[in-house]
Each structure stands twice: as structure tokens, then as C-alpha cells.
$ cat run.tsv   # TSV, C-alpha atoms and all ligand atoms
chain	number	residue	atom	x	y	z
A	1	MET	CA	-19.57	3.02	26.50
A	2	LYS	CA	-16.67	1.67	28.54
A	3	LEU	CA	-13.65	0.16	26.77
A	4	GLU	CA	-14.50	-3.36	27.90
A	5	GLU	CA	-18.06	-3.05	26.56
A	6	ILE	CA	-16.79	-1.80	23.20
A	7	ILE	CA	-14.29	-4.67	22.98
A	8	ASN	CA	-17.00	-7.21	23.80
A	9	LEU	CA	-19.40	-5.72	21.26
A	10	ASP	CA	-16.66	-5.67	18.63
A	11	LYS	CA	-15.64	-9.27	19.33
A	12	LYS	CA	-19.26	-10.38	19.03
A	13	TYR	CA	-20.29	-8.57	15.84
A	14	PHE	CA	-17.31	-7.13	13.98
A	15	MET	CA	-15.53	-9.34	11.45
A	16	ASN	CA	-11.93	-8.74	12.40
A	17	THR	CA	-9.55	-9.44	9.52
A	18	PHE	CA	-6.59	-7.45	10.84
A	19	GLY	CA	-5.36	-9.52	13.81
A	20	ASN	CA	-5.25	-8.57	17.48
A	21	ARG	CA	-5.92	-4.93	18.17
A	22	THR	CA	-4.38	-2.78	20.89
A	23	PRO	CA	-7.01	-2.39	23.65
A	24	VAL	CA	-7.44	1.35	23.18
A	25	CYS	CA	-10.42	3.18	21.70
A	26	PHE	CA	-9.83	6.74	20.51
A	27	SER	CA	-12.63	9.25	20.73
A	28	HIS	CA	-11.04	12.24	19.01
A	29	GLY	CA	-7.83	13.85	17.82
A	30	LYS	CA	-6.32	17.27	17.15
A	31	GLY	CA	-3.10	17.80	15.23
A	32	ILE	CA	-0.57	15.21	16.37
A	33	ASN	CA	-2.60	14.23	19.47
A	34	LEU	CA	-5.23	11.60	20.07
A	35	TRP	CA	-7.45	11.11	23.13
A	36	ASP	CA	-8.96	7.81	24.20
A	37	ILE	CA	-12.42	7.38	25.69
A	38	ASP	CA	-10.94	7.57	29.21
A	39	GLY	CA	-9.43	10.97	28.46
A	40	ASN	CA	-5.81	9.80	28.12
A	41	LYS	CA	-3.77	11.87	25.67
A	42	TYR	CA	-1.40	10.26	23.15
A	43	TYR	CA	1.14	11.47	20.59
A	44	ASP	CA	0.23	9.84	17.29
A	45	PHE	CA	3.44	8.73	15.59
A	46	LEU	CA	1.60	6.29	13.32
A	47	GLY	CA	-0.58	8.80	11.47
A	48	GLY	CA	-3.01	6.11	10.32
A	49	ILE	CA	-0.19	4.37	8.38
A	50	ALA	CA	0.61	7.39	6.22
A	51	VAL	CA	-2.98	8.57	5.99
A	52	SER	CA	-3.34	11.48	8.44
A	53	ALA	CA	-0.84	13.73	6.69
A	54	LEU	CA	-2.49	16.92	8.01
A	55	GLY	CA	-2.84	15.55	11.54
A	56	HIS	CA	-6.22	14.96	13.12
A	57	SER	CA	-9.25	17.23	12.64
A	58	HIS	CA	-7.44	19.77	10.50
A	59	PRO	CA	-9.92	22.68	10.30
A	60	LYS	CA	-9.57	23.08	6.51
A	61	LEU	CA	-10.21	19.39	5.86
A	62	VAL	CA	-13.13	19.29	8.30
A	63	ASP	CA	-14.59	22.41	6.75
A	64	ALA	CA	-14.27	21.11	3.19
A	65	ILE	CA	-16.01	17.85	4.11
A	66	LYS	CA	-18.77	19.68	6.02
A	67	GLN	CA	-19.41	22.18	3.23
A	68	GLN	CA	-19.60	19.51	0.55
A	69	ALA	CA	-21.80	17.21	2.66
A	70	GLU	CA	-24.27	20.05	3.11
A	71	LYS	CA	-24.46	20.56	-0.66
A	72	LEU	CA	-24.21	17.12	-2.28
A	73	ILE	CA	-22.75	13.88	-0.88
A	74	HIS	CA	-22.96	11.79	-4.02
A	75	CYS	CA	-23.21	12.51	-7.68
A	76	SER	CA	-23.11	9.84	-10.34
A	77	ASN	CA	-20.33	9.89	-12.90
A	78	LEU	CA	-23.05	10.31	-15.52
A	79	TYR	CA	-22.84	14.06	-14.81
A	80	TYR	CA	-20.12	16.69	-14.61
A	81	ILE	CA	-18.76	17.30	-11.12
A	82	GLU	CA	-17.00	20.63	-10.51
A	83	SER	CA	-14.83	19.48	-7.61
A	84	GLN	CA	-13.77	16.34	-9.52
A	85	ALA	CA	-12.58	18.41	-12.48
A	86	LYS	CA	-10.83	20.92	-10.18
A	87	LEU	CA	-9.01	18.24	-8.17
A	88	ALA	CA	-7.90	16.53	-11.38
A	89	GLU	CA	-6.59	19.90	-12.64
A	90	LYS	CA	-4.75	20.44	-9.34
A	91	LEU	CA	-3.06	17.02	-9.44
A	92	VAL	CA	-2.04	17.54	-13.05
A	93	SER	CA	-0.61	20.99	-12.24
A	94	ILE	CA	1.67	19.59	-9.51
A	95	SER	CA	2.77	16.34	-11.14
A	96	CYS	CA	3.99	14.76	-14.38
A	97	ALA	CA	0.47	13.47	-15.17
A	98	ASP	CA	-1.95	14.82	-17.76
A	99	ARG	CA	-5.10	12.95	-16.70
A	100	VAL	CA	-6.56	11.75	-13.43
A	101	PHE	CA	-9.15	9.12	-12.54
A	102	PHE	CA	-10.53	8.91	-9.00
A	103	ALA	CA	-11.18	5.83	-6.89
A	104	ASN	CA	-12.03	5.15	-3.25
A	105	SER	CA	-8.74	3.67	-2.02
A	106	GLY	CA	-5.17	2.84	-2.92
A	107	ALA	CA	-6.07	-0.71	-3.86
A	108	GLU	CA	-8.75	0.56	-6.21
A	109	ALA	CA	-6.40	3.11	-7.75
A	110	ASN	CA	-3.94	0.26	-8.38
A	111	GLU	CA	-6.70	-1.91	-9.85
A	112	GLY	CA	-7.41	1.02	-12.14
A	113	ALA	CA	-3.75	1.22	-13.14
A	114	ILE	CA	-3.70	-2.52	-13.91
A	115	LYS	CA	-6.90	-2.21	-15.94
A	116	LEU	CA	-5.60	0.87	-17.77
A	117	ALA	CA	-2.36	-0.92	-18.71
A	118	ARG	CA	-4.33	-3.85	-20.10
A	119	ILE	CA	-6.92	-1.82	-22.00
A	120	TYR	CA	-4.16	0.39	-23.39
A	121	PHE	CA	-2.65	-2.57	-25.21
A	122	LYS	CA	-6.03	-4.04	-26.16
A	123	LYS	CA	-6.99	-0.76	-27.83
A	124	LYS	CA	-3.62	-0.76	-29.58
A	125	GLY	CA	-4.51	-4.14	-31.06
A	126	MET	CA	-2.11	-6.05	-28.79
A	127	PRO	CA	-4.40	-8.10	-26.50
A	128	GLU	CA	-1.58	-10.57	-25.92
A	129	LYS	CA	0.04	-8.01	-23.62
A	130	TYR	CA	-1.63	-8.35	-20.23
A	131	GLU	CA	1.01	-9.49	-17.72
A	132	ILE	CA	2.31	-7.16	-15.03
A	133	ILE	CA	5.73	-7.50	-13.41
A	134	THR	CA	5.98	-6.36	-9.78
A	135	LEU	CA	8.65	-6.55	-7.08
A	136	GLU	CA	9.19	-9.04	-4.29
A	137	LYS	CA	8.30	-7.56	-0.85
A	138	SER	CA	5.98	-5.04	-2.49
A	139	PHE	CA	2.49	-4.15	-1.29
A	140	HIS	CA	-0.22	-2.98	-3.65
A	141	GLY	CA	-3.47	-3.55	-1.73
A	142	ARG	CA	-5.96	-6.13	-0.53
A	143	THR	CA	-8.30	-6.69	-3.48
A	144	LEU	CA	-7.86	-9.95	-5.39
A	145	ALA	CA	-5.83	-8.41	-8.23
A	146	THR	CA	-3.71	-6.24	-5.94
A	147	ILE	CA	-2.82	-9.10	-3.58
A	148	ALA	CA	-1.73	-11.00	-6.68
A	149	ALA	CA	0.40	-7.97	-7.57
A	150	THR	CA	1.76	-7.81	-4.01
A	151	GLY	CA	5.09	-9.60	-3.48
A	152	GLN	CA	4.41	-11.09	-0.03
A	153	ASP	CA	3.25	-14.64	0.67
A	154	LYS	CA	1.49	-13.76	3.92
A	155	TYR	CA	-1.11	-11.65	2.12
A	156	GLN	CA	-1.52	-14.13	-0.71
A	157	LYS	CA	-1.59	-17.63	0.78
A	158	PRO	CA	-5.04	-17.40	2.41
A	159	TYR	CA	-6.65	-16.39	-0.89
A	160	SER	CA	-5.01	-18.72	-3.39
A	161	PRO	CA	-5.42	-19.50	-6.21
A	162	LEU	CA	-4.28	-16.01	-7.04
A	163	THR	CA	-5.47	-13.88	-9.93
A	164	PRO	CA	-3.07	-14.93	-12.71
A	165	SER	CA	-0.70	-12.83	-14.82
A	166	PHE	CA	1.50	-11.19	-12.20
A	167	LEU	CA	5.23	-11.97	-12.17
A	168	LYS	CA	7.62	-11.06	-9.35
A	169	VAL	CA	11.27	-10.02	-9.53
A	170	PRO	CA	13.71	-8.93	-6.77
A	171	ILE	CA	14.14	-5.21	-6.10
A	172	ASN	CA	17.16	-3.45	-7.66
A	173	ASP	CA	17.96	-6.36	-9.99
A	174	LEU	CA	17.77	-5.02	-13.52
A	175	ASP	CA	18.94	-8.29	-15.11
A	176	ALA	CA	16.12	-10.22	-13.43
A	177	LEU	CA	13.62	-7.68	-14.70
A	178	GLU	CA	14.98	-7.81	-18.23
A	179	LYS	CA	14.77	-11.62	-18.22
A	180	ALA	CA	11.20	-11.54	-16.88
A	181	ILE	CA	9.90	-9.17	-19.59
A	182	ASN	CA	8.32	-11.22	-22.35
A	183	GLY	CA	5.81	-10.89	-25.18
A	184	SER	CA	2.90	-10.90	-22.69
A	185	THR	CA	4.23	-8.11	-20.49
A	186	CYS	CA	2.17	-4.93	-20.54
A	187	ALA	CA	3.62	-3.09	-17.54
A	188	VAL	CA	6.05	-2.99	-14.66
A	189	MET	CA	4.54	-1.79	-11.36
A	190	ILE	CA	6.87	-0.53	-8.63
A	191	GLU	CA	6.76	1.39	-5.36
A	192	PRO	CA	9.77	3.73	-5.68
A	193	ILE	CA	10.12	3.26	-1.91
A	194	GLN	CA	8.54	0.11	-0.48
A	195	GLY	CA	6.77	0.69	2.80
A	196	GLU	CA	5.12	-2.55	3.86
A	197	SER	CA	8.02	-4.95	4.44
A	198	GLY	CA	10.44	-2.55	6.00
A	199	VAL	CA	11.47	0.58	4.15
A	200	ASN	CA	13.18	-0.68	1.01
A	201	LEU	CA	14.52	1.85	-1.46
A	202	THR	CA	14.90	1.32	-5.15
A	203	SER	CA	18.26	2.69	-6.26
A	204	LEU	CA	18.67	5.62	-8.63
A	205	GLU	CA	20.39	3.49	-11.30
A	206	TYR	CA	17.72	0.83	-10.96
A	207	LEU	CA	14.73	3.11	-11.53
A	208	LYS	CA	16.50	4.87	-14.39
A	209	GLY	CA	17.28	1.43	-15.84
A	210	VAL	CA	13.67	0.30	-15.42
A	211	ARG	CA	12.43	3.38	-17.27
A	212	LYS	CA	14.92	2.71	-20.10
A	213	LEU	CA	13.92	-0.96	-20.29
A	214	CYS	CA	10.21	-0.10	-20.41
A	215	ASP	CA	10.85	2.39	-23.22
A	216	GLU	CA	12.97	-0.08	-25.19
A	217	LYS	CA	10.42	-2.88	-24.80
A	218	GLY	CA	7.42	-0.59	-25.37
A	219	ILE	CA	5.73	-1.39	-22.05
A	220	LEU	CA	4.25	0.89	-19.40
A	221	LEU	CA	5.86	1.93	-16.13
A	222	ILE	CA	3.50	2.28	-13.16
A	223	PHE	CA	4.57	3.75	-9.83
A	224	ASP	CA	2.53	2.98	-6.73
A	225	GLU	CA	2.92	6.19	-4.70
A	226	VAL	CA	0.02	5.38	-2.40
A	227	GLN	CA	2.34	5.34	0.62
A	228	CYS	CA	5.50	7.14	-0.52
A	229	GLY	CA	3.77	9.97	-2.41
A	230	LEU	CA	2.33	13.32	-1.35
A	231	GLY	CA	5.21	14.81	0.58
A	232	ARG	CA	6.31	11.87	2.72
A	233	THR	CA	9.88	11.89	1.41
A	234	GLY	CA	10.67	15.59	1.27
A	235	LYS	CA	9.43	15.98	-2.29
A	236	LEU	CA	5.81	15.93	-3.32
A	237	PHE	CA	6.22	12.66	-5.23
A	238	ALA	CA	8.87	10.01	-4.62
A	239	TYR	CA	9.59	9.74	-8.36
A	240	GLU	CA	10.99	13.28	-8.24
A	241	HIS	CA	14.00	12.02	-6.24
A	242	PHE	CA	14.95	9.74	-9.12
A	243	GLY	CA	14.41	12.03	-12.08
A	244	VAL	CA	12.23	9.29	-13.57
A	245	GLU	CA	8.65	9.84	-14.68
A	246	PRO	CA	6.20	6.94	-14.82
A	247	ASP	CA	3.46	6.54	-17.43
A	248	ILE	CA	0.95	5.98	-14.64
A	249	PHE	CA	1.14	6.57	-10.90
A	250	THR	CA	-1.32	6.01	-8.11
A	251	LEU	CA	-2.14	7.97	-4.95
A	252	ALA	CA	-4.45	7.51	-1.95
A	253	LYS	CA	-3.89	7.66	1.83
A	254	ALA	CA	-2.69	11.27	2.39
A	255	LEU	CA	-4.75	12.49	-0.58
A	256	GLY	CA	-7.87	12.48	1.60
A	257	GLY	CA	-6.25	12.67	5.03
A	258	GLY	CA	-8.65	9.91	6.11
A	259	PHE	CA	-11.46	10.66	3.68
A	260	PRO	CA	-11.58	7.64	1.36
A	261	ILE	CA	-10.17	8.65	-2.00
A	262	GLY	CA	-7.59	7.29	-4.41
A	263	ALA	CA	-6.28	8.59	-7.70
A	264	LEU	CA	-4.79	7.11	-10.82
A	265	CYS	CA	-2.70	9.67	-12.65
A	266	ALA	CA	-1.61	9.03	-16.23
A	267	LYS	CA	0.24	10.60	-19.10
A	268	GLU	CA	-1.84	11.72	-22.05
A	269	HIS	CA	-0.45	9.03	-24.36
A	270	VAL	CA	-1.75	6.28	-22.04
A	271	GLN	CA	-5.28	7.54	-21.74
A	272	VAL	CA	-5.78	8.86	-25.23
A	273	LEU	CA	-7.11	5.60	-26.70
A	274	LEU	CA	-9.52	5.18	-23.83
A	275	ASN	CA	-11.94	7.80	-25.10
A	276	GLN	CA	-12.80	5.75	-28.14
A	277	GLU	CA	-15.90	3.60	-27.68
A	278	THR	CA	-15.86	3.86	-23.89
A	279	THR	CA	-17.56	7.26	-23.56
A	280	VAL	CA	-20.82	6.96	-21.62
A	281	ARG	CA	-23.61	8.98	-23.15
A	282	PRO	CA	-25.90	10.09	-20.30
A	283	LEU	CA	-29.20	9.72	-22.12
A	284	GLU	CA	-28.31	6.27	-23.43
A	285	ALA	CA	-27.13	5.22	-20.00
A	286	ILE	CA	-30.35	6.39	-18.32
A	287	LEU	CA	-32.50	4.69	-20.95
A	288	SER	CA	-30.63	1.42	-20.63
A	289	HIS	CA	-30.93	1.66	-16.82
A	290	VAL	CA	-34.71	2.18	-17.12
A	291	GLN	CA	-34.95	-0.70	-19.59
A	292	ARG	CA	-33.03	-3.02	-17.27
A	293	HIS	CA	-35.11	-2.08	-14.24
A	294	TRP	CA	-38.47	-1.33	-15.80
A	295	GLN	CA	-40.27	-4.09	-13.88
A	296	PHE	CA	-39.14	-2.54	-10.62
A	297	TRP	CA	-40.15	0.94	-11.79
A	298	MET	CA	-43.62	-0.31	-12.73
A	299	LEU	CA	-44.37	-1.68	-9.24
B	1	LIG	C1	2.14	1.06	-1.38
B	1	LIG	C2	0.69	0.80	-1.10
B	1	LIG	N1	-0.12	0.57	-2.14
B	1	LIG	C3	-1.43	0.35	-1.94
B	1	LIG	C4	-1.98	0.32	-0.68
B	1	LIG	C5	-3.44	0.05	-0.49
B	1	LIG	O1	-4.09	1.24	-0.16
B	1	LIG	P1	-5.52	1.22	0.52
B	1	LIG	O2	-5.35	0.67	1.89
B	1	LIG	O3	-5.98	2.64	0.51
B	1	LIG	O4	-6.38	0.34	-0.33
B	1	LIG	C6	-1.16	0.55	0.44
B	1	LIG	C7	-1.70	0.51	1.80
B	1	LIG	O5	-1.01	0.37	2.78
B	1	LIG	C8	0.23	0.79	0.22
B	1	LIG	O6	1.05	1.01	1.23
$ encode --input "run.tsv" --output "C-alpha cells" --more "lines below"
Ligand SMILES: Cc1ncc(COP(=O)(O)O)c(C=O)c1O
Amino acid sequence: MKLEEIINLDKKYFMNTFGNRTPVCFSHGKGINLWDIDGNKYYDFLGGIAVSALGHSHPKLVDAIKQQAEKLIHCSNLYYIESQAKLAEKLVSISCADRVFFANSGAEANEGAIKLARIYFKKKGMPEKYEIITLEKSFHGRTLATIAATGQDKYQKPYSPLTPSFLKVPINDLDALEKAINGSTCAVMIEPIQGESGVNLTSLEYLKGVRKLCDEKGILLIFDEVQCGLGRTGKLFAYEHFGVEPDIFTLAKALGGGFPIGALCAKEHVQVLLNQETTVRPLEAILSHVQRHWQFWML
């Protein structure tokens, strides 16, 4: 198809939520280069907004996807999955985390972190702790909870009223954070380096101070490393620059190099309560599925 035809088709059928697009349509890429459908070659300095960390069409990534697709594309979480266990082990071996949960995107990984912080306190018998404090100018995703966590009006206004229970404080202001922490606070969620409203760095003293405050107040510290993690800052994880370890951190983007995957990485003490009561027993799950859908099965 010609570019004009693609644009017309897109304008007629695609639900564009992202604003005006550059009138270019790429057909393929290799390493740092992209080619459009007219054969023009480009240098890709955007990298899919921190996604294409290995460049385009990296042979190892392509091969891994091909090999897996030929074997099994989906497997329910009701069963053990070798590659899931191995990737979790790998992430644990290179980070401060002890446990990993996988999602499909950064927003979902952050939703998982929010849910984990809440359930952590529920299981501890403290259901009154459910509020999350985040930073002004932050970005945590485009789901309803993560836009509420995000500290930017432009993402929030169109979808108000927002999901409640997210408070915002200015970056690098420890006093403001201390004042905002209250009996309902369960966690503080921070990008060590903000990437979606300019590049805004948290200072060394600030992050160390946040860690200390969280420890003193008995609340969890979550780092969103969806954009700043996985080697983008010269270290594998941004938290390594600060000598501060979070209780939970999230990854996505570069983790799949374009393949949709996110990860929520947590310390053992955060996840340990989760195993009680929440374990899915495969046989029970299958039976309850059959019970719920038996009319359909009988047709
Ligand atoms: C810091 C941060 N968190 C979360 C997200 C959301 O990730 P995703 O687009 O994979 O849902 C982004 C995306 O830009 C991000 O930069």
C-alpha cells in the first residue's frame, strides 16, 4: 500500500488516542536503522521510547520469539512454565529482588505493585493502609489506577474522576513527603529518574531520605524503573546509582525489546504473606471453571 492509502485507512478505522502522527510508515528495521515503505533509510534515535534497547530485529530476540512461537504461544498460569521460572530466576540473580511477577506492560506491572502494596498491609491486618504517595511530574502508565498515580494533569483531566487514594508531592522535597505520610499510607512510588516530563533526577540525599522515612514509618518503597531501568543509565538498574534498594520495583519496555512484557520485582518480605490463601489449586480451578461454564459445555 502507498503511504497515503495507509493514512486514509488508519484515519477511517483506527481509534487514534495519541495525537497527530508523523506521516511516515516504517516497514522494517535492523540495528539502529529503520526503513520506510518508500525505501528511505533513517537513524532511529527514539528507540520506541526506551523500548528497542537491542535495536531492531536483533537476531537473538527474533530467534527466541520464533522458537517459542513454534512450541507454545500461550500457557495458562494454572500450570508451571519453564521460561517463566527461568526469567524470574535471571531477574533475581541480577537485582535486589527475591521474587518476580510478570505482566504485559509497564502500566500493568505498576498496577501489580500498587495491588501488592495494598494486599501486603491487608494480610498484615492493616487494611487502613491503602494510600500511595507519588511525585509531581511523574508518569506511571495509562490504566485508570496508573494515571491516578501519574503526577501530570494532561493525562488525568480527560478521565476524571480519578481513582482515589493517590497523593502527590514535589520531587526532592523530603519535608513535603514526610508531611504527606499519614496513617493511610501504604507506599511511596517513585521513578528514580523521571522520563516523561523532561529528565528529572531525584537527588542522592532525597532517595536515601525517602528510604529512611519509609523504614521509620513502616511503609513500602516502590521504584518505577520501567523507563530508567535495564541499562539506560550506565548501570543495570537506576537504583544502583543511589545505593538505595526498593521493596518493589517494576520493569517493562526494554525487558522485551518490543515484545509486550512487564515485571514486578519484590523483596521476599513483601511477597511472603501473599502465598497464604491466594494459591490457586489447578484441579479446583478447572472444576470451578467447568461449573461456571457447564451450560456452554453442554451445548
Ligand atoms: C516510567 C514509566 N512507567 C510506566 C510506563 C508505562 O509503560 P507501558 O507503556 O509499557 O504501559 C512508562 C511508559 O512510558 C514509563 O515511562
$ residues_near_point --input "run.tsv" --point "(-9.2, -15.1, 0.9)" --cutoff "12 Å" --atoms "only C-alpha atoms" --output "number ranges by chain"
A: 17, 142-145, 147-148, 154-163
$ residues_near_ligand --input "run.tsv" --ligand "ligand LIG 1 (chain B)" --cutoff "9 Å" --atoms "all atoms listed in the file" --output "VMD selection string"
chain A and resid 49 to 51 104 to 110 138 to 143 146 150 190 to 191 193 to 196 224 to 228 250 to 253 260 to 262
$ residues_around --input "run.tsv" --residues "range 116-128 of chain A" --least-positions-apart "4" --cutoff "8 Å" --atoms "all atoms listed in the file" --output "ChimeraX atom specification"
/A:112,183-184,186-187,220,270-271,273-274
$ closest_residue --input "run.tsv" --among "A:Ile6, A:Ala103, A:Val188, A:Val24" --to "Asn40 in chain A" --atoms "all atoms listed in the file"
A:Val24
$ atom_distance --input "run.tsv" --atom1 "CA of Gly55 in chain A" --atom2 "CA of Gly31 in chain A"
4.3 Å
$ atom_distance --input "run.tsv" --atom1 "CA of Lys208 in chain A" --atom2 "CA of Glu268 in chain A"
21.0 Å
$ atom_distance --input "run.tsv" --atom1 "CA of Ile114 in chain A" --atom2 "CA of Gly258 in chain A"
24.1 Å
$ closest_residue --input "run.tsv" --among "A:Ala149, A:Val272, A:Ile7, A:Ala64" --to "Gly256 in chain A" --atoms "all atoms listed in the file"
A:Ala64
$ residues_around --input "run.tsv" --residues "range 165-170 of chain A" --least-positions-apart "3" --cutoff "6 Å" --atoms "all atoms listed in the file" --output "VMD selection string"
chain A and resid 131 to 136 149 173
$ axis_aligned_box --input "run.tsv" --around "range 138-144 of chain A" --padding-each-side "5 Å" --output "JSON"
{"center_x": -1.2, "center_y": -6.5, "center_z": -3.0, "size_x": 24.3, "size_y": 17.0, "size_z": 14.9}
$ closest_residue --input "run.tsv" --among "A:Gln68, A:Ser95, A:Ser197, A:Thr202" --to "Glu82 in chain A" --atoms "all atoms listed in the file"
A:Gln68
$ closest_residue --input "run.tsv" --among "A:Phe249, A:Tyr43, A:Phe237, A:Phe26" --to "Ile222 in chain A" --atoms "only C-alpha atoms"
A:Phe249
$ residues_around --input "run.tsv" --residues "Tyr42 in chain A" --least-positions-apart "5" --cutoff "12 Å" --atoms "all atoms listed in the file" --output "PDB file with C-alpha atoms, keeping the file's coordinate frame"
ATOM      1  CA  VAL A  24      -7.440   1.350  23.180  1.00  0.00           C
ATOM      2  CA  CYS A  25     -10.420   3.180  21.700  1.00  0.00           C
ATOM      3  CA  PHE A  26      -9.830   6.740  20.510  1.00  0.00           C
ATOM      4  CA  SER A  27     -12.630   9.250  20.730  1.00  0.00           C
ATOM      5  CA  HIS A  28     -11.040  12.240  19.010  1.00  0.00           C
ATOM      6  CA  GLY A  29      -7.830  13.850  17.820  1.00  0.00           C
ATOM      7  CA  LYS A  30      -6.320  17.270  17.150  1.00  0.00           C
ATOM      8  CA  GLY A  31      -3.100  17.800  15.230  1.00  0.00           C
ATOM      9  CA  ILE A  32      -0.570  15.210  16.370  1.00  0.00           C
ATOM     10  CA  ASN A  33      -2.600  14.230  19.470  1.00  0.00           C
ATOM     11  CA  LEU A  34      -5.230  11.600  20.070  1.00  0.00           C
ATOM     12  CA  TRP A  35      -7.450  11.110  23.130  1.00  0.00           C
ATOM     13  CA  ASP A  36      -8.960   7.810  24.200  1.00  0.00           C
ATOM     14  CA  ILE A  37     -12.420   7.380  25.690  1.00  0.00           C
ATOM     15  CA  GLY A  47      -0.580   8.800  11.470  1.00  0.00           C
TER      16      GLY A  47
END
$ decode --input "run.tsv" --residues "range 153-171 of chain A" --atoms "N, CA, C and O atoms" --output "compact mmCIF listing (two decimals), in the first residue's frame"
# COMPACT_ATOMS: atom_id res chain seq x y z
N ASP A 153 -1.38 16.60 35.03
CA ASP A 153 -2.78 16.91 34.73
C ASP A 153 -3.23 16.45 33.35
O ASP A 153 -4.33 15.97 33.17
N LYS A 154 -2.32 16.63 32.36
CA LYS A 154 -2.75 16.38 30.97
C LYS A 154 -3.20 14.93 30.73
O LYS A 154 -4.03 14.67 29.89
N TYR A 155 -2.62 14.00 31.50
CA TYR A 155 -3.04 12.61 31.35
C TYR A 155 -4.29 12.31 32.16
O TYR A 155 -4.98 11.33 31.91
N GLN A 156 -4.54 13.15 33.17
CA GLN A 156 -5.59 12.83 34.13
C GLN A 156 -6.93 13.48 33.80
O GLN A 156 -7.98 12.85 33.92
N LYS A 157 -6.86 14.76 33.40
CA LYS A 157 -8.10 15.55 33.23
C LYS A 157 -9.17 14.84 32.39
O LYS A 157 -10.33 14.79 32.80
N PRO A 158 -8.80 14.26 31.24
CA PRO A 158 -9.87 13.67 30.41
C PRO A 158 -10.59 12.51 31.08
O PRO A 158 -11.67 12.13 30.65
N TYR A 159 -10.00 11.93 32.10
CA TYR A 159 -10.58 10.70 32.67
C TYR A 159 -11.09 10.87 34.10
O TYR A 159 -11.36 9.89 34.79
N SER A 160 -11.21 12.12 34.54
CA SER A 160 -11.68 12.33 35.91
C SER A 160 -13.14 11.89 36.03
O SER A 160 -13.85 11.88 35.01
N PRO A 161 -13.66 11.52 37.19
CA PRO A 161 -12.92 11.49 38.45
C PRO A 161 -11.89 10.37 38.49
O PRO A 161 -12.13 9.28 38.00
N LEU A 162 -10.77 10.71 39.10
CA LEU A 162 -9.67 9.76 39.15
C LEU A 162 -9.88 8.68 40.22
O LEU A 162 -10.60 8.90 41.19
N THR A 163 -9.23 7.56 40.01
CA THR A 163 -9.20 6.52 41.04
C THR A 163 -8.64 7.16 42.32
O THR A 163 -7.57 7.77 42.27
N PRO A 164 -9.36 7.06 43.43
CA PRO A 164 -8.89 7.76 44.64
C PRO A 164 -7.66 7.10 45.28
O PRO A 164 -7.23 6.04 44.86
N SER A 165 -7.15 7.79 46.30
CA SER A 165 -6.09 7.25 47.17
C SER A 165 -4.68 7.38 46.63
O SER A 165 -3.82 6.54 46.93
N PHE A 166 -4.44 8.38 45.79
CA PHE A 166 -3.07 8.70 45.37
C PHE A 166 -2.78 10.15 45.73
O PHE A 166 -3.53 11.04 45.35
N LEU A 167 -1.72 10.38 46.49
CA LEU A 167 -1.32 11.74 46.86
C LEU A 167 -0.07 12.11 46.10
O LEU A 167 0.77 11.26 45.82
N LYS A 168 0.10 13.40 45.80
CA LYS A 168 1.29 13.85 45.05
C LYS A 168 2.13 14.79 45.90
O LYS A 168 1.57 15.64 46.61
N VAL A 169 3.45 14.65 45.78
CA VAL A 169 4.35 15.60 46.44
C VAL A 169 5.43 16.01 45.43
O VAL A 169 5.71 15.27 44.49
N PRO A 170 6.07 17.19 45.62
CA PRO A 170 7.11 17.60 44.69
C PRO A 170 8.36 16.73 44.83
O PRO A 170 8.66 16.22 45.91
N ILE A 171 9.09 16.61 43.73
CA ILE A 171 10.32 15.81 43.71
C ILE A 171 11.38 16.48 44.60
O ILE A 171 11.39 17.72 44.73
